[in-house]
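K.L.:
Structure file final_27.pdb (PDB, C-alpha atoms) right here:
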```
ATOM      1  CA  MET A   1      24.950  22.894 -30.393
ATOM      2  CA  ALA A   2      27.249  21.590 -27.648
ATOM      3  CA  ARG A   3      30.971  21.926 -28.048
ATOM      4  CA  ARG A   4      33.254  18.971 -27.557
ATOM      5  CA  ALA A   5      35.112  18.782 -24.279
ATOM      6  CA  GLN A   6      38.703  19.822 -24.489
ATOM      7  CA  ILE A   7      41.356  18.191 -22.328
ATOM      8  CA  ILE A   8      43.890  20.736 -21.182
ATOM      9  CA  PRO A   9      47.178  19.319 -19.893
ATOM     10  CA  PRO A  10      48.295  20.713 -16.524
ATOM     11  CA  ARG A  11      50.975  23.382 -16.440
ATOM     12  CA  ALA A  12      54.389  22.124 -15.360
ATOM     13  CA  ASP A  13      54.463  24.239 -12.173
ATOM     14  CA  LEU A  14      51.065  22.896 -11.069
ATOM     15  CA  LYS A  15      52.109  19.336 -11.807
ATOM     16  CA  LYS A  16      55.211  19.803  -9.639
ATOM     17  CA  LYS A  17      53.048  20.996  -6.745
ATOM     18  CA  ALA A  18      50.626  18.076  -7.117
ATOM     19  CA  VAL A  19      53.136  15.282  -7.717
ATOM     20  CA  ASN A  20      56.586  15.007  -6.224
ATOM     21  CA  LEU A  21      58.144  12.231  -8.265
ATOM     22  CA  THR A  22      60.921  11.588  -5.725
ATOM     23  CA  THR A  23      58.844  11.389  -2.513
ATOM     24  CA  GLY A  24      55.192  11.582  -3.568
ATOM     25  CA  PHE A  25      52.671   9.547  -5.482
ATOM     26  CA  ASP A  26      52.560   9.250  -9.205
ATOM     27  CA  LEU A  27      49.203  10.101 -10.730
ATOM     28  CA  ARG A  28      48.972   6.614 -12.225
ATOM     29  CA  LEU A  29      48.084   3.888  -9.750
ATOM     30  CA  THR A  30      50.034   0.710 -10.315
ATOM     31  CA  PRO A  31      48.556  -2.656  -9.356
ATOM     32  CA  GLU A  32      50.951  -2.746  -6.396
ATOM     33  CA  THR A  33      49.775   0.667  -5.174
ATOM     34  CA  ILE A  34      46.156  -0.419  -5.532
ATOM     35  CA  ARG A  35      46.884  -3.564  -3.460
ATOM     36  CA  LYS A  36      48.490  -1.427  -0.756
ATOM     37  CA  LEU A  37      45.521   0.947  -0.675
ATOM     38  CA  GLU A  38      43.078  -1.975  -0.496
ATOM     39  CA  ALA A  39      45.070  -3.438   2.413
ATOM     40  CA  VAL A  40      44.794  -0.133   4.283
ATOM     41  CA  VAL A  41      41.038  -0.039   3.711
ATOM     42  CA  HIS A  42      40.722  -3.673   4.835
ATOM     43  CA  ARG A  43      42.646  -2.973   8.058
ATOM     44  CA  SER A  44      40.504   0.114   8.623
ATOM     45  CA  ARG A  45      37.335  -1.952   8.194
ATOM     46  CA  ASP A  46      38.062  -3.780  11.452
ATOM     47  CA  ALA A  47      38.491  -0.486  13.304
ATOM     48  CA  PHE A  48      35.283   0.902  11.771
ATOM     49  CA  THR A  49      33.381  -2.283  12.656
ATOM     50  CA  THR A  50      34.593  -2.150  16.253
ATOM     51  CA  ASP A  51      33.677   1.531  16.519
ATOM     52  CA  ILE A  52      30.186   0.915  15.138
ATOM     53  CA  ALA A  53      29.641  -2.040  17.492
ATOM     54  CA  ASP A  54      30.696   0.138  20.447
ATOM     55  CA  ARG A  55      28.279   2.871  19.347
ATOM     56  CA  LEU A  56      25.440   0.368  19.052
ATOM     57  CA  MET A  57      26.107  -0.996  22.551
ATOM     58  CA  ALA A  58      26.174   2.530  23.982
ATOM     59  CA  MET A  59      22.946   3.468  22.195
ATOM     60  CA  ARG A  60      21.180   0.340  23.408
ATOM     61  CA  ARG A  61      22.376   0.918  26.986
ATOM     62  CA  LEU A  62      21.324   4.582  26.977
ATOM     63  CA  VAL A  63      17.880   3.800  25.583
ATOM     64  CA  ALA A  64      17.345   1.226  28.351
ATOM     65  CA  GLU A  65      18.677   3.431  31.177
ATOM     66  CA  THR A  66      17.275   6.864  30.280
ATOM     67  CA  GLY A  67      14.378   8.050  32.393
ATOM     68  CA  PRO A  68      11.544  10.444  31.596
ATOM     69  CA  LEU A  69      13.267  13.648  32.782
ATOM     70  CA  PRO A  70      13.385  16.202  29.942
ATOM     71  CA  ALA A  71      17.133  16.811  30.352
ATOM     72  CA  ASP A  72      17.864  13.063  30.210
ATOM     73  CA  GLN A  73      15.620  12.627  27.182
ATOM     74  CA  LYS A  74      17.303  15.524  25.399
ATOM     75  CA  ALA A  75      20.754  14.002  26.082
ATOM     76  CA  LEU A  76      19.543  10.613  24.815
ATOM     77  CA  VAL A  77      18.199  12.079  21.576
ATOM     78  CA  ALA A  78      21.422  14.051  21.059
ATOM     79  CA  HIS A  79      23.493  10.886  21.548
ATOM     80  CA  LEU A  80      21.286   8.900  19.167
ATOM     81  CA  TYR A  81      21.523  11.686  16.597
ATOM     82  CA  GLY A  82      25.336  11.885  16.795
ATOM     83  CA  SER A  83      25.924   8.132  16.777
ATOM     84  CA  SER A  84      23.520   7.488  13.911
ATOM     85  CA  LEU A  85      25.215  10.242  11.931
ATOM     86  CA  GLU A  86      28.612   8.592  12.483
ATOM     87  CA  ILE A  87      27.250   5.173  11.483
ATOM     88  CA  LYS A  88      25.612   6.683   8.414
ATOM     89  CA  GLY A  89      28.959   8.148   7.359
ATOM     90  CA  ALA A  90      31.075   5.101   8.131
ATOM     91  CA  GLY A  91      28.856   2.448   6.538
ATOM     92  CA  GLY A  92      29.546   3.282   2.927
ATOM     93  CA  THR A  93      33.246   3.759   3.607
ATOM     94  CA  ILE A  94      33.635   0.111   4.555
ATOM     95  CA  GLY A  95      31.157  -1.316   2.037
ATOM     96  CA  TYR A  96      28.166  -1.684   4.371
ATOM     97  CA  ASP A  97      25.627   0.359   2.437
ATOM     98  CA  LEU A  98      22.776  -0.933   4.600
ATOM     99  CA  LEU A  99      24.444   0.577   7.663
ATOM    100  CA  THR A 100      24.373   3.892   5.845
ATOM    101  CA  LEU A 101      20.706   3.526   4.896
ATOM    102  CA  ILE A 102      19.549   2.396   8.345
ATOM    103  CA  GLY A 103      21.805   4.944  10.077
ATOM    104  CA  LYS A 104      20.279   7.675   7.903
ATOM    105  CA  SER A 105      16.793   6.437   8.732
ATOM    106  CA  LEU A 106      17.529   6.551  12.473
ATOM    107  CA  ASN A 107      19.182   9.940  12.123
ATOM    108  CA  ASP A 108      16.193  11.319  10.246
ATOM    109  CA  PHE A 109      13.838   9.820  12.830
ATOM    110  CA  VAL A 110      15.448  11.491  15.878
ATOM    111  CA  SER A 111      16.467  14.711  14.129
ATOM    112  CA  GLY A 112      14.881  17.686  15.860
ATOM    113  CA  LEU A 113      13.221  15.675  18.626
ATOM    114  CA  SER A 114      13.676  16.651  22.268
ATOM    115  CA  ARG A 115      12.181  13.495  23.796
ATOM    116  CA  LEU A 116      10.992  10.021  22.832
ATOM    117  CA  ASP A 117       7.648   8.499  23.742
ATOM    118  CA  ASP A 118       7.279   4.726  24.239
ATOM    119  CA  ARG A 119       6.392   4.049  20.596
ATOM    120  CA  GLN A 120       9.333   6.093  19.373
ATOM    121  CA  VAL A 121      11.670   4.196  21.712
ATOM    122  CA  LYS A 122      10.478   0.950  20.096
ATOM    123  CA  VAL A 123      11.198   2.360  16.617
ATOM    124  CA  VAL A 124      14.674   3.428  17.744
ATOM    125  CA  CYS A 125      15.305  -0.046  19.195
ATOM    126  CA  LEU A 126      14.245  -1.653  15.902
ATOM    127  CA  HIS A 127      16.766   0.532  14.084
ATOM    128  CA  ILE A 128      19.511  -0.468  16.524
ATOM    129  CA  ASP A 129      18.602  -4.165  16.176
ATOM    130  CA  ALA A 130      18.689  -3.893  12.378
ATOM    131  CA  LEU A 131      22.114  -2.239  12.538
ATOM    132  CA  TYR A 132      23.338  -5.091  14.754
ATOM    133  CA  VAL A 133      22.050  -7.684  12.272
ATOM    134  CA  VAL A 134      23.815  -6.020   9.342
ATOM    135  CA  LEU A 135      27.064  -5.771  11.287
ATOM    136  CA  ALA A 136      26.929  -9.273  12.799
ATOM    137  CA  ASN A 137      26.091 -10.939   9.489
ATOM    138  CA  ARG A 138      28.528  -8.749   7.555
ATOM    139  CA  ILE A 139      25.890  -7.805   4.994
ATOM    140  CA  THR A 140      27.699  -5.690   2.446
ATOM    141  CA  GLY A 141      26.139  -3.711  -0.336
ATOM    142  CA  ARG A 142      22.493  -2.691  -0.383
ATOM    143  CA  GLY A 143      21.095  -6.143   0.363
ATOM    144  CA  GLY A 144      18.165  -7.697  -1.419
ATOM    145  CA  VAL A 145      14.381  -7.640  -1.418
ATOM    146  CA  VAL A 146      14.037  -8.196   2.334
ATOM    147  CA  GLU A 147      16.458  -5.418   3.174
ATOM    148  CA  SER A 148      14.675  -3.018   0.821
ATOM    149  CA  ALA A 149      11.380  -3.831   2.524
ATOM    150  CA  ILE A 150      12.949  -3.101   5.925
ATOM    151  CA  ILE A 151      14.204   0.292   4.741
ATOM    152  CA  GLU A 152      10.716   1.077   3.400
ATOM    153  CA  ALA A 153       9.195  -0.007   6.725
ATOM    154  CA  PHE A 154      11.492   2.379   8.591
ATOM    155  CA  GLY A 155      10.304   5.185   6.330
ATOM    156  CA  GLU A 156       6.711   4.301   7.110
ATOM    157  CA  ALA A 157       7.513   4.153  10.840
ATOM    158  CA  LYS A 158       8.928   7.663  10.611
ATOM    159  CA  ARG A 159       5.777   8.937   8.933
ATOM    160  CA  LYS A 160       3.543   7.158  11.437
ATOM    161  CA  PHE A 161       5.339   7.574  14.777
ATOM    162  CA  ARG A 162       7.435  10.674  14.370
ATOM    163  CA  ALA A 163       4.642  13.141  15.181
ATOM    164  CA  ASP A 164       6.497  16.116  13.668
ATOM    165  CA  GLY A 165       5.568  19.309  15.394
ATOM    166  CA  ASP A 166       4.710  17.819  18.803
ATOM    167  CA  ASP A 167       8.248  16.910  19.872
ATOM    168  CA  ARG A 168      10.373  19.562  18.243
ATOM    169  CA  GLU A 169      12.275  22.064  20.358
ATOM    170  CA  GLY A 170      10.280  25.232  20.848
ATOM    171  CA  GLY A 171       7.161  23.752  19.260
ATOM    172  CA  GLY A 172       4.253  21.607  20.268
ATOM    173  CA  ASP A 173       2.220  21.774  23.431
ATOM    174  CA  GLU A 174       3.137  22.195  27.080
ATOM    175  CA  ARG A 175       3.165  18.471  27.960
ATOM    176  CA  ASP A 176       6.952  18.299  28.447
ATOM    177  CA  ALA A 177       7.165  21.391  30.628
TER     178      ALA A 177
END
```
Spit out the file's structure as structure tokens when you get a sec.

P.N.:
Amino acid sequence: MARRAQIIPPRADLKKKAVNLTTGFDLRLTPETIRKLEAVVHRSRDAFTTDIADRLMAMRRLVAETGPLPADQKALVAHLYGSSLEIKGAGGTIGYDLLTLIGKSLNDFVSGLSRLDDRQVKVVCLHIDALYVVLANRITGRGGVVESAIIEAFGEAKRKFRADGDDREGGGDERDA
């Protein structure tokens, strides 16, 4: 039989460390404090949006300019991995859950790869285009039926075009040597 949860009030010395009533925050958020916090998040949204747009432009440019040399391909994949990870993390922070989902899909797609073949480049470009659409149209939340279908399609593209094992570092055949 489960016991009932017991609420234990904090000790006075711990409460003093956590809350400084003269210069710190009170544990209760007043409507005014909530409005101030929302204003900070709203101002930050513009900075996040600009940062994501800059990352998308850089990713698109790198995909177009990168040649077939193994070192260039490895740098491209590393950049795509890092940028998609940042987008994945930032999306939910500013209310763009689709950015998080598509960023995660792109991140999962390039994770562990050392190069991209032509089909994989097309899949990466589709991810980047989808991220642009979400950002440009300010699609917040998880979207609807169409957006869910797109996320599913990206999962299928990963299964179909990822070719796990062939492109991983240290694995696969000697084609990229």

K.L.:
Segment 140-155 of chain A: which residues within 8 Å, counting only C-alpha atoms, same-chain residues fewer than 4 positions away excluded, as a PDB file with C-alpha atoms, keeping the file's coordinate frame?

P.N.:
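What ended up in selection13.pdb:
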```
ATOM      1  CA  GLY A  95      31.157  -1.316   2.037  1.00  0.00           C
ATOM      2  CA  TYR A  96      28.166  -1.684   4.371  1.00  0.00           C
ATOM      3  CA  ASP A  97      25.627   0.359   2.437  1.00  0.00           C
ATOM      4  CA  LEU A  98      22.776  -0.933   4.600  1.00  0.00           C
ATOM      5  CA  LEU A 101      20.706   3.526   4.896  1.00  0.00           C
ATOM      6  CA  ILE A 102      19.549   2.396   8.345  1.00  0.00           C
ATOM      7  CA  SER A 105      16.793   6.437   8.732  1.00  0.00           C
ATOM      8  CA  HIS A 127      16.766   0.532  14.084  1.00  0.00           C
ATOM      9  CA  VAL A 134      23.815  -6.020   9.342  1.00  0.00           C
ATOM     10  CA  ARG A 159       5.777   8.937   8.933  1.00  0.00           C
TER      11      ARG A 159
END
```

K.L.:
Go ahead and fit an axis-aligned box to every listed atom of segment 79-97 of chain A plus 4 Å each side, and pass me the centre and edge lengths in Å, one decimal, as JSON.

P.N.:
```
{"center_x": 27.5, "center_y": 5.1, "center_z": 11.8, "size_x": 20.3, "size_y": 21.6, "size_z": 27.5}
```

K.L.:
Which value, in Å to one decimal, gives the distance between atom CA of Thr50 of chain A and atom CA of Gly112 of chain A?

P.N.:
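Those two atoms sit 28.0 Å apart.
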
K.L.:
Would you mind telling me which residue in A:Ile87, A:Val121, A:Ile8, A:Leu116 lies nearest to Phe48 of chain A when using all atoms listed in the file?

P.N.:
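Checking each of A:Ile87, A:Val121, A:Ile8, A:Leu116 against Phe48 of chain A, counting all atoms listed in the file, the winner is A:Ile87.
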
K.L.:
Can you tell me how far atom CA of Arg55 of chain A sits from atom CA of Leu113 of chain A, in Å to one decimal?

P.N.:
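The value is 19.8 Å.
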
K.L.:
What would the selection look like, as a ChimeraX atom specification, if the PyMOL selection byres ((chain A and resi 52) around 10) were run on the coordinates I just shared?

P.N.:
/A:46-51,53-58,83-84,86-88,90-91,99,131-132,135

K.L.:
Please provide as a ChimeraX atom specification all residues within 12 Å of Phe109 of chain A, with the sequence filter that same-chain residues fewer than 5 positions apart are discarded (counting only C-alpha atoms).

P.N.:
/A:77-78,80-81,84-85,102-104,114-116,120-127,154-164,167-168

K.L.:
Keeping only C-alpha atoms, write the selected residues to a file as a CSV table (one decimal), in the frame of the given file.

P.N.:
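Final output, saved to out_9.csv:
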```csv
chain,number,residue,atom,x,y,z
A,77,VAL,CA,18.2,12.1,21.6
A,78,ALA,CA,21.4,14.1,21.1
A,80,LEU,CA,21.3,8.9,19.2
A,81,TYR,CA,21.5,11.7,16.6
A,84,SER,CA,23.5,7.5,13.9
A,85,LEU,CA,25.2,10.2,11.9
A,102,ILE,CA,19.5,2.4,8.3
A,103,GLY,CA,21.8,4.9,10.1
A,104,LYS,CA,20.3,7.7,7.9
A,114,SER,CA,13.7,16.7,22.3
A,115,ARG,CA,12.2,13.5,23.8
A,116,LEU,CA,11.0,10.0,22.8
A,120,GLN,CA,9.3,6.1,19.4
A,121,VAL,CA,11.7,4.2,21.7
A,122,LYS,CA,10.5,1.0,20.1
A,123,VAL,CA,11.2,2.4,16.6
A,124,VAL,CA,14.7,3.4,17.7
A,125,CYS,CA,15.3,0.0,19.2
A,126,LEU,CA,14.2,-1.7,15.9
A,127,HIS,CA,16.8,0.5,14.1
A,154,PHE,CA,11.5,2.4,8.6
A,155,GLY,CA,10.3,5.2,6.3
A,156,GLU,CA,6.7,4.3,7.1
A,157,ALA,CA,7.5,4.2,10.8
A,158,LYS,CA,8.9,7.7,10.6
A,159,ARG,CA,5.8,8.9,8.9
A,160,LYS,CA,3.5,7.2,11.4
A,161,PHE,CA,5.3,7.6,14.8
A,162,ARG,CA,7.4,10.7,14.4
A,163,ALA,CA,4.6,13.1,15.2
A,164,ASP,CA,6.5,16.1,13.7
A,167,ASP,CA,8.2,16.9,19.9
A,168,ARG,CA,10.4,19.6,18.2
```

K.L.:
Kindly resolve the PyMOL selection byres ((chain A and resi 62) around 10) on the present coordinates and return the residues as a PDB file with C-alpha atoms, in the coordinates of the input.

P.N.:
```
ATOM      1  CA  LEU A  56      25.440   0.368  19.052  1.00  0.00           C
ATOM      2  CA  MET A  57      26.107  -0.996  22.551  1.00  0.00           C
ATOM      3  CA  ALA A  58      26.174   2.530  23.982  1.00  0.00           C
ATOM      4  CA  MET A  59      22.946   3.468  22.195  1.00  0.00           C
ATOM      5  CA  ARG A  60      21.180   0.340  23.408  1.00  0.00           C
ATOM      6  CA  ARG A  61      22.376   0.918  26.986  1.00  0.00           C
ATOM      7  CA  VAL A  63      17.880   3.800  25.583  1.00  0.00           C
ATOM      8  CA  ALA A  64      17.345   1.226  28.351  1.00  0.00           C
ATOM      9  CA  GLU A  65      18.677   3.431  31.177  1.00  0.00           C
ATOM     10  CA  THR A  66      17.275   6.864  30.280  1.00  0.00           C
ATOM     11  CA  GLY A  67      14.378   8.050  32.393  1.00  0.00           C
ATOM     12  CA  ASP A  72      17.864  13.063  30.210  1.00  0.00           C
ATOM     13  CA  GLN A  73      15.620  12.627  27.182  1.00  0.00           C
ATOM     14  CA  ALA A  75      20.754  14.002  26.082  1.00  0.00           C
ATOM     15  CA  LEU A  76      19.543  10.613  24.815  1.00  0.00           C
ATOM     16  CA  VAL A  77      18.199  12.079  21.576  1.00  0.00           C
ATOM     17  CA  HIS A  79      23.493  10.886  21.548  1.00  0.00           C
ATOM     18  CA  LEU A  80      21.286   8.900  19.167  1.00  0.00           C
TER      19      LEU A  80
END
```

K.L.:
What separation in Å, quoted to one decimal, exists between atom CA of Asn107 of chain A and atom CA of Gly82 of chain A?

P.N.:
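Computing it gives 8.0 Å between the two atoms.
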
K.L.:
With distances taken over all atoms listed in the file, which residue among A:Asn137, A:Pro68, A:Lys36, A:Arg43 lies nearest Asp118 of chain A?

P.N.:
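With all atoms listed in the file as the atom set, the closest residue is A:Pro68.
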